[in-house]
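What follows is final-v7.pdb (PDB, C-alpha atoms).
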```
ATOM      1  CA  MET N  21       0.000   0.000   0.000
ATOM      2  CA  GLU N  22       2.837   2.330   0.929
ATOM      3  CA  ALA N  23       4.537   1.591  -2.399
ATOM      4  CA  VAL N  24       1.345   2.471  -4.290
ATOM      5  CA  VAL N  25       1.079   5.807  -2.458
ATOM      6  CA  ALA N  26       4.768   6.490  -3.186
ATOM      7  CA  LEU N  27       4.250   5.636  -6.853
ATOM      8  CA  GLU N  28       1.297   7.952  -7.155
ATOM      9  CA  ARG N  29       3.235  10.742  -5.518
ATOM     10  CA  ASP N  30       6.212  10.281  -7.856
ATOM     11  CA  ALA N  31       4.001  10.216 -10.925
ATOM     12  CA  GLN N  32       2.126  13.284  -9.737
ATOM     13  CA  LEU N  33       5.373  15.109  -9.111
ATOM     14  CA  MET N  34       6.631  14.174 -12.568
ATOM     15  CA  LEU N  35       3.391  15.401 -14.136
ATOM     16  CA  ARG N  36       3.912  18.704 -12.345
ATOM     17  CA  VAL N  37       7.458  18.841 -13.704
ATOM     18  CA  ARG N  38       5.933  18.356 -17.159
ATOM     19  CA  GLU N  39       3.794  21.447 -16.492
ATOM     20  CA  GLY N  40       6.956  23.426 -15.747
ATOM     21  CA  ASP N  41       7.095  23.117 -11.942
ATOM     22  CA  ASP N  42      10.807  22.853 -11.157
ATOM     23  CA  THR N  43      10.144  22.547  -7.419
ATOM     24  CA  SER N  44       8.584  19.134  -8.067
ATOM     25  CA  PHE N  45      11.732  18.082  -9.905
ATOM     26  CA  GLY N  46      13.658  19.082  -6.777
ATOM     27  CA  LEU N  47      11.371  16.879  -4.666
ATOM     28  CA  LEU N  48      11.863  13.911  -6.999
ATOM     29  CA  LEU N  49      15.600  14.462  -6.827
ATOM     30  CA  GLU N  50      15.432  14.544  -3.033
ATOM     31  CA  ARG N  51      13.480  11.259  -2.924
ATOM     32  CA  HIS N  52      15.543   9.293  -5.426
ATOM     33  CA  ARG N  53      19.045  10.801  -5.311
ATOM     34  CA  GLY N  54      20.319   8.385  -2.638
ATOM     35  CA  PRO N  55      18.900   5.135  -4.074
ATOM     36  CA  MET N  56      20.083   6.083  -7.574
ATOM     37  CA  VAL N  57      23.655   6.887  -6.553
ATOM     38  CA  HIS N  58      23.841   3.802  -4.326
ATOM     39  CA  PHE N  59      22.518   1.481  -7.042
ATOM     40  CA  LEU N  60      24.959   2.912  -9.571
ATOM     41  CA  TYR N  61      27.814   2.793  -7.072
ATOM     42  CA  ARG N  62      27.254  -0.922  -6.537
ATOM     43  CA  MET N  63      26.992  -1.395 -10.302
ATOM     44  CA  VAL N  64      30.216   0.383 -11.286
ATOM     45  CA  GLN N  65      32.004   0.330  -7.890
ATOM     46  CA  ASN N  66      33.427   3.814  -8.290
ATOM     47  CA  GLN N  67      32.008   6.810  -6.439
ATOM     48  CA  ALA N  68      32.909   9.536  -8.935
ATOM     49  CA  VAL N  69      31.584   7.507 -11.862
ATOM     50  CA  SER N  70      28.399   6.554  -9.993
ATOM     51  CA  GLU N  71      27.589  10.207  -9.254
ATOM     52  CA  GLU N  72      28.326  11.195 -12.826
ATOM     53  CA  LEU N  73      25.974   8.462 -14.056
ATOM     54  CA  ALA N  74      23.278   9.431 -11.532
ATOM     55  CA  GLN N  75      23.465  12.982 -12.881
ATOM     56  CA  GLU N  76      23.008  11.601 -16.386
ATOM     57  CA  VAL N  77      19.917   9.707 -15.181
ATOM     58  CA  PHE N  78      18.310  12.814 -13.655
ATOM     59  CA  LEU N  79      19.275  14.870 -16.686
ATOM     60  CA  ARG N  80      17.468  12.363 -18.914
ATOM     61  CA  VAL N  81      14.433  12.482 -16.632
ATOM     62  CA  TYR N  82      14.405  16.283 -16.903
ATOM     63  CA  ARG N  83      14.860  16.129 -20.686
ATOM     64  CA  SER N  84      11.908  13.731 -20.991
ATOM     65  CA  ARG N  85       9.567  15.861 -18.868
ATOM     66  CA  GLU N  86       7.578  17.259 -21.796
ATOM     67  CA  THR N  87       6.734  13.812 -23.160
ATOM     68  CA  TYR N  88       6.343  12.017 -19.804
ATOM     69  CA  GLU N  89       3.278   9.774 -19.451
ATOM     70  CA  PRO N  90       2.745   7.753 -16.248
ATOM     71  CA  THR N  91       2.326   4.441 -18.090
ATOM     72  CA  ALA N  92       4.729   2.542 -15.795
ATOM     73  CA  LYS N  93       5.789   2.958 -12.177
ATOM     74  CA  PHE N  94       8.087   5.948 -11.859
ATOM     75  CA  THR N  95      10.750   3.888 -10.065
ATOM     76  CA  THR N  96      10.637   1.253 -12.819
ATOM     77  CA  TRP N  97      11.209   3.966 -15.416
ATOM     78  CA  LEU N  98      13.982   5.520 -13.320
ATOM     79  CA  PHE N  99      15.796   2.215 -12.783
ATOM     80  CA  ARG N 100      15.407   1.396 -16.460
ATOM     81  CA  ILE N 101      17.260   4.598 -17.350
ATOM     82  CA  ALA N 102      19.855   3.944 -14.619
ATOM     83  CA  THR N 103      20.458   0.348 -15.712
ATOM     84  CA  HIS N 104      20.829   1.417 -19.327
ATOM     85  CA  VAL N 105      23.305   4.143 -18.370
ATOM     86  CA  ALA N 106      25.251   1.777 -16.084
ATOM     87  CA  LEU N 107      25.474  -1.050 -18.619
ATOM     88  CA  ASN N 108      26.751   1.380 -21.256
ATOM     89  CA  SER N 109      29.332   2.730 -18.820
ATOM     90  CA  ILE N 110      30.517  -0.749 -17.823
ATOM     91  CA  ARG N 111      30.879  -1.693 -21.484
ATOM     92  CA  ASP N 112      32.790   1.508 -22.299
ATOM     93  CA  ARG N 113      35.070   1.262 -19.279
ATOM     94  CA  LYS N 114      35.920  -2.339 -20.055
ATOM     95  CA  LYS N 115      36.991  -1.230 -23.495
ATOM     96  CA  GLU N 116      38.951   1.798 -22.294
ATOM     97  CA  LYS N 117      40.646   1.148 -18.991
ATOM     98  CA  GLY N 118      40.264  -2.362 -17.674
ATOM     99  CA  HIS N 119      39.952  -2.489 -13.926
ATOM    100  CA  GLU N 120      42.796  -0.330 -12.616
ATOM    101  CA  SER N 121      40.716   2.592 -11.378
ATOM    102  CA  LEU N 122      38.091   0.220  -9.999
ATOM    103  CA  ASP N 123      40.607  -1.372  -7.677
ATOM    104  CA  GLU N 124      41.903   2.010  -6.520
ATOM    105  CA  GLU N 125      38.401   3.172  -5.782
ATOM    106  CA  MET N 126      37.618  -0.059  -3.975
ATOM    107  CA  LEU N 127      40.574   0.478  -1.661
ATOM    108  CA  ASP N 128      39.581   4.115  -1.071
ATOM    109  CA  GLY N 129      36.067   3.092  -0.180
ATOM    110  CA  MET N 130      37.198   0.334   2.110
ATOM    111  CA  GLU N 131      39.627   2.608   3.948
ATOM    112  CA  ARG N 132      36.882   5.166   4.501
ATOM    113  CA  GLN N 133      34.355   2.628   5.716
ATOM    114  CA  VAL N 134      36.862   0.967   8.005
ATOM    115  CA  ALA N 135      38.018   4.267   9.502
ATOM    116  CA  ASP N 136      34.415   5.185  10.213
ATOM    117  CA  ARG N 137      33.887   2.077  12.240
ATOM    118  CA  GLN N 138      36.971   2.591  14.432
ATOM    119  CA  GLN N 139      37.783  -1.089  14.500
ATOM    120  CA  THR N 140      40.940  -2.761  15.616
ATOM    121  CA  VAL N 141      43.608  -3.409  12.997
ATOM    122  CA  GLU N 142      42.824  -7.114  12.887
ATOM    123  CA  GLN N 143      39.090  -6.562  12.569
ATOM    124  CA  GLU N 144      39.774  -4.005   9.870
ATOM    125  CA  MET N 145      41.789  -6.505   7.880
ATOM    126  CA  VAL N 146      39.145  -9.212   8.196
ATOM    127  CA  HIS N 147      36.444  -6.752   7.225
ATOM    128  CA  GLU N 148      38.470  -5.511   4.236
ATOM    129  CA  VAL N 149      38.975  -9.021   2.954
ATOM    130  CA  LYS N 150      35.287  -9.912   3.340
ATOM    131  CA  LEU N 151      34.149  -6.688   1.718
ATOM    132  CA  ARG N 152      36.566  -7.124  -1.171
ATOM    133  CA  GLU N 153      35.333 -10.665  -1.740
ATOM    134  CA  VAL N 154      31.681  -9.592  -1.715
ATOM    135  CA  ARG N 155      32.391  -6.764  -4.140
ATOM    136  CA  GLN N 156      34.422  -8.973  -6.423
ATOM    137  CA  ALA N 157      31.728 -11.673  -6.359
ATOM    138  CA  ILE N 158      29.122  -9.089  -7.398
ATOM    139  CA  GLU N 159      31.431  -7.611  -9.997
ATOM    140  CA  ALA N 160      32.023 -11.055 -11.477
ATOM    141  CA  LEU N 161      28.311 -11.533 -12.201
ATOM    142  CA  PRO N 162      27.190 -10.847 -15.783
ATOM    143  CA  ALA N 163      26.007  -7.223 -15.899
ATOM    144  CA  LYS N 164      22.310  -8.042 -16.231
ATOM    145  CA  GLN N 165      22.405 -10.494 -13.294
ATOM    146  CA  ARG N 166      24.304  -7.904 -11.278
ATOM    147  CA  ALA N 167      21.669  -5.257 -11.964
ATOM    148  CA  ALA N 168      18.880  -7.676 -11.029
ATOM    149  CA  VAL N 169      20.544  -8.695  -7.751
ATOM    150  CA  LEU N 170      21.237  -5.080  -6.758
ATOM    151  CA  MET N 171      17.671  -4.002  -7.471
ATOM    152  CA  HIS N 172      16.262  -7.034  -5.633
ATOM    153  CA  LYS N 173      18.591  -7.123  -2.641
ATOM    154  CA  TYR N 174      19.280  -3.431  -1.942
ATOM    155  CA  GLU N 175      16.537  -1.405  -3.618
ATOM    156  CA  GLY N 176      13.591  -3.622  -2.739
ATOM    157  CA  LEU N 177      12.205  -3.963  -6.255
ATOM    158  CA  ASP N 178       9.984  -7.001  -6.766
ATOM    159  CA  TYR N 179      10.127  -9.469  -9.657
ATOM    160  CA  ALA N 180       7.558  -7.559 -11.712
ATOM    161  CA  GLN N 181       9.416  -4.265 -11.373
ATOM    162  CA  ILE N 182      12.781  -5.816 -12.216
ATOM    163  CA  ALA N 183      11.154  -7.484 -15.233
ATOM    164  CA  GLY N 184       9.886  -4.035 -16.288
ATOM    165  CA  VAL N 185      13.339  -2.517 -15.894
ATOM    166  CA  LEU N 186      15.129  -5.252 -17.833
ATOM    167  CA  SER N 187      12.329  -5.677 -20.403
ATOM    168  CA  CYS N 188      11.769  -9.372 -19.872
ATOM    169  CA  SER N 189       9.199 -11.684 -18.314
ATOM    170  CA  GLU N 190       8.816 -12.287 -14.582
ATOM    171  CA  SER N 191       9.710 -15.944 -15.049
ATOM    172  CA  ALA N 192      12.926 -14.911 -16.825
ATOM    173  CA  ILE N 193      13.766 -12.665 -13.848
ATOM    174  CA  LYS N 194      13.126 -15.490 -11.374
ATOM    175  CA  SER N 195      15.478 -17.669 -13.357
ATOM    176  CA  LEU N 196      18.058 -14.856 -13.690
ATOM    177  CA  LEU N 197      18.036 -14.137  -9.938
ATOM    178  CA  PHE N 198      18.139 -17.832  -9.110
ATOM    179  CA  ARG N 199      21.281 -18.266 -11.216
ATOM    180  CA  ALA N 200      22.823 -15.085  -9.786
ATOM    181  CA  TYR N 201      22.320 -16.079  -6.137
ATOM    182  CA  GLU N 202      23.579 -19.571  -6.890
ATOM    183  CA  ALA N 203      26.716 -18.070  -8.448
ATOM    184  CA  LEU N 204      27.209 -15.820  -5.409
ATOM    185  CA  ARG N 205      26.735 -18.788  -3.083
ATOM    186  CA  GLY N 206      29.417 -20.662  -5.004
ATOM    187  CA  ARG N 207      31.863 -17.750  -4.844
ATOM    188  CA  LEU N 208      31.227 -16.852  -1.208
ATOM    189  CA  ALA N 209      30.738 -20.365   0.213
ATOM    190  CA  HIS N 210      34.134 -20.296   1.926
ATOM    191  CA  MET N 211      33.026 -17.308   4.010
ATOM    192  CA  ALA N 212      30.377 -19.320   5.873
TER     193      ALA N 212
ATOM    194  CA  MET K  15       9.525 -29.181   1.922
ATOM    195  CA  ILE K  16      10.712 -25.727   0.832
ATOM    196  CA  CYS K  17      14.253 -25.723  -0.514
ATOM    197  CA  LEU K  18      15.449 -22.255  -1.430
ATOM    198  CA  SER K  19      18.254 -23.553  -3.577
ATOM    199  CA  ARG K  20      15.931 -25.707  -5.703
ATOM    200  CA  ASN K  21      13.163 -23.185  -6.088
ATOM    201  CA  GLU K  22      13.111 -20.247  -8.468
ATOM    202  CA  GLN K  23      11.066 -18.365  -5.867
ATOM    203  CA  GLY K  24      13.959 -18.968  -3.460
ATOM    204  CA  ALA K  25      15.305 -15.415  -3.552
ATOM    205  CA  GLU K  26      11.872 -13.948  -2.840
ATOM    206  CA  LEU K  27      11.196 -16.516  -0.149
ATOM    207  CA  LEU K  28      14.574 -15.935   1.478
ATOM    208  CA  SER K  29      14.171 -12.153   1.561
ATOM    209  CA  SER K  30      10.711 -12.551   3.136
ATOM    210  CA  TYR K  31      12.075 -15.079   5.619
ATOM    211  CA  LEU K  32      14.955 -12.840   6.698
ATOM    212  CA  ALA K  33      12.649  -9.815   6.863
ATOM    213  CA  LYS K  34      10.354 -11.945   9.099
ATOM    214  CA  THR K  35       7.332 -11.259   6.928
ATOM    215  CA  LEU K  36       6.356 -14.918   6.405
ATOM    216  CA  ASP K  37       3.569 -16.459   8.457
ATOM    217  CA  ALA K  38       4.528 -18.487  11.535
ATOM    218  CA  ALA K  39       4.005 -21.897   9.931
ATOM    219  CA  ARG K  40       6.139 -21.051   6.876
ATOM    220  CA  THR K  41       8.828 -19.495   9.079
ATOM    221  CA  ALA K  42       8.997 -22.604  11.263
ATOM    222  CA  GLU K  43       9.197 -24.807   8.179
ATOM    223  CA  LEU K  44      12.081 -22.760   6.783
ATOM    224  CA  ASP K  45      13.836 -22.648  10.176
ATOM    225  CA  ARG K  46      13.855 -26.441  10.243
ATOM    226  CA  HIS K  47      14.902 -26.745   6.610
ATOM    227  CA  ILE K  48      17.782 -24.258   6.852
ATOM    228  CA  ARG K  49      19.196 -26.141   9.847
ATOM    229  CA  GLU K  50      19.275 -29.315   7.758
ATOM    230  CA  CYS K  51      20.144 -28.049   4.252
ATOM    231  CA  ALA K  52      23.689 -26.830   3.608
ATOM    232  CA  ASP K  53      22.724 -25.224   0.274
ATOM    233  CA  CYS K  54      20.014 -23.112   1.903
ATOM    234  CA  ARG K  55      22.327 -22.163   4.761
ATOM    235  CA  GLY K  56      24.742 -21.041   2.047
ATOM    236  CA  LEU K  57      22.070 -18.880   0.403
ATOM    237  CA  ALA K  58      21.104 -17.322   3.731
ATOM    238  CA  MET K  59      24.802 -16.618   4.347
ATOM    239  CA  VAL K  60      25.133 -14.930   0.943
ATOM    240  CA  TRP K  61      22.165 -12.706   1.738
ATOM    241  CA  GLU K  62      23.790 -11.639   5.026
ATOM    242  CA  ARG K  63      27.246 -11.147   3.460
ATOM    243  CA  LEU K  64      25.752  -8.827   0.854
ATOM    244  CA  ASP K  65      24.676  -6.517   3.692
ATOM    245  CA  GLU K  66      28.352  -5.722   4.205
ATOM    246  CA  PHE K  67      28.509  -3.951   0.851
ATOM    247  CA  ALA K  68      28.144  -0.462   2.311
ATOM    248  CA  VAL K  69      27.867   2.616   0.106
ATOM    249  CA  PRO K  70      29.411   6.072   0.608
ATOM    250  CA  GLU K  71      27.302   9.189   1.180
ATOM    251  CA  VAL K  72      26.374  11.267  -1.846
ATOM    252  CA  THR K  73      28.814  14.192  -2.076
ATOM    253  CA  PRO K  74      27.375  17.582  -0.980
ATOM    254  CA  GLY K  75      27.691  19.364  -4.348
ATOM    255  CA  PHE K  76      25.626  16.766  -6.233
ATOM    256  CA  ASP K  77      22.477  18.878  -6.704
ATOM    257  CA  ALA K  78      24.406  22.030  -7.604
ATOM    258  CA  ARG K  79      26.358  20.151 -10.276
ATOM    259  CA  LEU K  80      23.167  18.664 -11.674
ATOM    260  CA  TYR K  81      21.361  22.015 -11.855
ATOM    261  CA  ALA K  82      24.421  23.559 -13.517
ATOM    262  CA  ARG K  83      24.330  20.798 -16.159
ATOM    263  CA  ILE K  84      20.626  21.360 -16.714
ATOM    264  CA  ALA K  85      21.181  25.119 -17.073
ATOM    265  CA  ARG K  86      24.020  24.562 -19.561
ATOM    266  CA  GLU K  87      21.913  22.156 -21.580
ATOM    267  CA  GLU K  88      18.904  24.483 -21.620
ATOM    268  CA  ALA K  89      21.103  27.369 -22.776
ATOM    269  CA  ARG K  90      22.516  25.190 -25.548
ATOM    270  CA  VAL K  91      19.045  24.074 -26.698
ATOM    271  CA  LEU K  92      17.831  27.680 -26.659
ATOM    272  CA  GLY K  93      20.852  28.704 -28.743
ATOM    273  CA  TRP K  94      20.121  26.012 -31.323
ATOM    274  CA  ARG K  95      16.470  26.967 -31.543
ATOM    275  CA  LYS K  96      17.386  30.621 -32.054
ATOM    276  CA  TRP K  97      19.982  29.739 -34.665
ATOM    277  CA  LEU K  98      17.555  27.517 -36.582
ATOM    278  CA  TRP K  99      14.722  30.071 -36.384
ATOM    279  CA  ARG K 100      16.729  33.070 -37.622
ATOM    280  CA  PRO K 101      16.890  32.341 -41.378
ATOM    281  CA  VAL K 102      13.358  30.943 -41.382
ATOM    282  CA  ALA K 103      11.609  33.923 -39.802
ATOM    283  CA  PRO K 104      12.209  36.551 -42.541
ATOM    284  CA  LEU K 105      11.347  34.060 -45.273
ATOM    285  CA  ALA K 106       8.147  33.047 -43.531
ATOM    286  CA  ALA K 107       7.187  36.699 -43.058
ATOM    287  CA  ALA K 108       7.921  37.478 -46.710
ATOM    288  CA  ALA K 109       5.822  34.511 -47.834
ATOM    289  CA  ALA K 110       2.986  35.702 -45.614
ATOM    290  CA  VAL K 111       3.134  39.190 -47.110
ATOM    291  CA  VAL K 112       3.097  37.772 -50.668
ATOM    292  CA  ALA K 113       0.183  35.525 -49.804
ATOM    293  CA  ALA K 114      -1.738  38.430 -48.276
ATOM    294  CA  VAL K 115      -1.178  40.598 -51.362
ATOM    295  CA  LEU K 116      -2.302  37.808 -53.694
ATOM    296  CA  ILE K 117      -5.456  37.299 -51.664
ATOM    297  CA  VAL K 118      -6.344  41.009 -51.727
ATOM    298  CA  HIS K 119      -5.458  41.509 -55.459
ATOM    299  CA  PRO K 120      -5.817  38.141 -57.128
ATOM    300  CA  PHE K 121      -6.226  39.403 -60.734
ATOM    301  CA  GLY K 122      -5.960  42.707 -62.698
ATOM    302  CA  SER K 123      -4.887  44.326 -66.002
ATOM    303  CA  PRO K 124      -1.319  43.637 -67.185
ATOM    304  CA  ASP K 125      -0.278  47.230 -66.321
ATOM    305  CA  ALA K 126      -2.003  47.085 -62.999
ATOM    306  CA  ALA K 127      -0.476  43.657 -62.390
ATOM    307  CA  LYS K 128       2.967  45.025 -63.277
ATOM    308  CA  GLN K 129       2.490  47.950 -60.930
ATOM    309  CA  ALA K 130       1.130  45.689 -58.227
ATOM    310  CA  SER K 131       4.033  43.293 -58.689
ATOM    311  CA  LYS K 132       6.509  46.189 -58.340
ATOM    312  CA  THR K 133       4.731  47.368 -55.210
ATOM    313  CA  GLU K 134       4.678  43.839 -53.793
ATOM    314  CA  ILE K 135       8.376  43.390 -54.381
ATOM    315  CA  GLU K 136       9.065  46.683 -52.634
ATOM    316  CA  GLN K 137       6.783  45.687 -49.763
ATOM    317  CA  VAL K 138       8.453  42.302 -49.417
ATOM    318  CA  ALA K 139      11.900  43.898 -49.541
ATOM    319  CA  GLN K 140      10.805  46.393 -46.888
ATOM    320  CA  ALA K 141       9.366  43.628 -44.733
ATOM    321  CA  VAL K 142      12.598  41.638 -44.954
ATOM    322  CA  ASP K 143      14.631  44.753 -44.063
ATOM    323  CA  ASP K 144      12.353  45.465 -41.114
ATOM    324  CA  LEU K 145      12.709  41.887 -39.874
ATOM    325  CA  ASP K 146      16.492  42.042 -40.195
ATOM    326  CA  LEU K 147      16.450  45.147 -38.018
ATOM    327  CA  LEU K 148      14.215  43.444 -35.461
ATOM    328  CA  THR K 149      16.322  40.259 -35.291
ATOM    329  CA  PRO K 150      18.545  40.452 -32.189
ATOM    330  CA  ILE K 151      22.260  40.542 -32.853
ATOM    331  CA  ASP K 152      24.280  37.718 -31.265
ATOM    332  CA  ARG K 153      26.729  38.967 -28.713
TER     333      ARG K 153
END
```

Would it be possible to restate this file's structure as structure tokens?
Amino acid sequence: MEAVVALERDAQLMLRVREGDDTSFGLLLERHRGPMVHFLYRMVQNQAVSEELAQEVFLRVYRSRETYEPTAKFTTWLFRIATHVALNSIRDRKKEKGHESLDEEMLDGMERQVADRQQTVEQEMVHEVKLREVRQAIEALPAKQRAAVLMHKYEGLDYAQIAGVLSCSESAIKSLLFRAYEALRGRLAHMA
Amino acid sequence: MICLSRNEQGAELLSSYLAKTLDAARTAELDRHIRECADCRGLAMVWERLDEFAVPEVTPGFDARLYARIAREEARVLGWRKWLWRPVAPLAAAAAVVAAVLIVHPFGSPDAAKQASKTEIEQVAQAVDDLDLLTPIDR
């Protein structure tokens, strides 16, 4: 019920943006900025790139305001744009750079998170290793499986929404997620 | 028996189980099964491990950078529209003037037509000059 209310509010806000109300765009940005950046961060595992991509997503939303029609859930539309942008970025970065900057960013992120928690050196090292393994296991998933897992696990999207984002059937998403979690279980089994 | 690792609904079931949103009977059934099934324990472990993938805060200048990009893009679009409209506007105005003259004086004697044609040309030329004067100069 809460999700339905949230959907209606998002769609209403977007319709107001279409009428030229920039304040409503600000409210949409406020509501979805965090989830967008976090989803993209987990997709590309680089903070600067994730924010750049999130800006591209909101820019595309703003560009589309005049033709917006609330035919799908706003979040489904938003994640569809974000997934498209992320998959393009992953493809381009693979071509251009390989994984050098990704590793640097991973270390930066881990250092920051560890410092925040004020753990002992040993705990920090254990945490770093676990975090690195989780991130690498996610990164090793095929991009579409990765997107589906991130939307399902962290963003709370259900099968139908993920199917809408990835333009496939619900049964295909069930199968995709099943394979993804099985792959993660295989890669992270030693951590049990 | 529910086995998460042999069920395509497993991910959904597992997330509901860990969020404690399943009914008591289903929860008890899964509790028992997870104790006995290594594969399902593995899946539950994966779900918990994924929680460790923390994300950094969004940097403070995010909105300002976005609005600056939007402003730049809007300025660029406006520039394009202006550039595309400039050569079209005088021609459209001239065509409108010609059309108006033809509607008011559709036919006439050859001399009158010649005179009218000369007047029309002068009017069109004047209209084009006027429009050129009215068109803002790019700075």

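Residues matching the ChimeraX specification (/K :<8) & /N in this structure come to Gly54, Val57, His58, Tyr61, Arg62, Gln67, Glu71, Gln75, Phe78, Leu79, Gly129, Gln133, Leu151, Val154, Arg155, Lys173, Lys194, Ser195, Leu197, Phe198, Tyr201, Glu202, Leu204, Arg205, Leu208, Ala209 and Ala212 of chain N.
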
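Between Arg80 (chain N) and the candidates N:Leu98, N:Val185, N:Ala106, N:Val149, the tightest atom-to-atom separation, counting only C-alpha atoms, involves N:Leu98.
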
TODO: For the structure provided, state which residues fall under the PyMOL selection byres ((chain N and resi 94) around 7), and present them as an MDAnalysis selection string.
DONE: chainID N and resid 27 30:31 92:93 95:98

Task: the PyMOL selection byres ((chain N and resi 44) around 12) resolved against shown file, as a PyMOL selection string - done: chain N and resi 29-43+45-51+82+85

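Taking CA of Gly206 (chain N) as the reference point, CA of Gln65 (chain N) is found at 21.3 Å.
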
Task: For CA of Asp112 (chain N) and CA of Phe99 (chain N), the interatomic separation in Å (one decimal) - done: 19.5 Å

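The residue set within 10 Å of Phe59 (chain N), counting all atoms listed in the file and dropping same-chain residues fewer than 4 places from it, reads Gly54, Pro55, Met63, Val64, Gln65, Ser70, Ala74, Phe99, Ala102, Thr103, Ala106, Ala167, Leu170, Met171, Tyr174 and Glu175 of chain N; Val69 of chain K.
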
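Relative to CA of Gln156 (chain N), CA of Val141 (chain N) is found at 22.2 Å.
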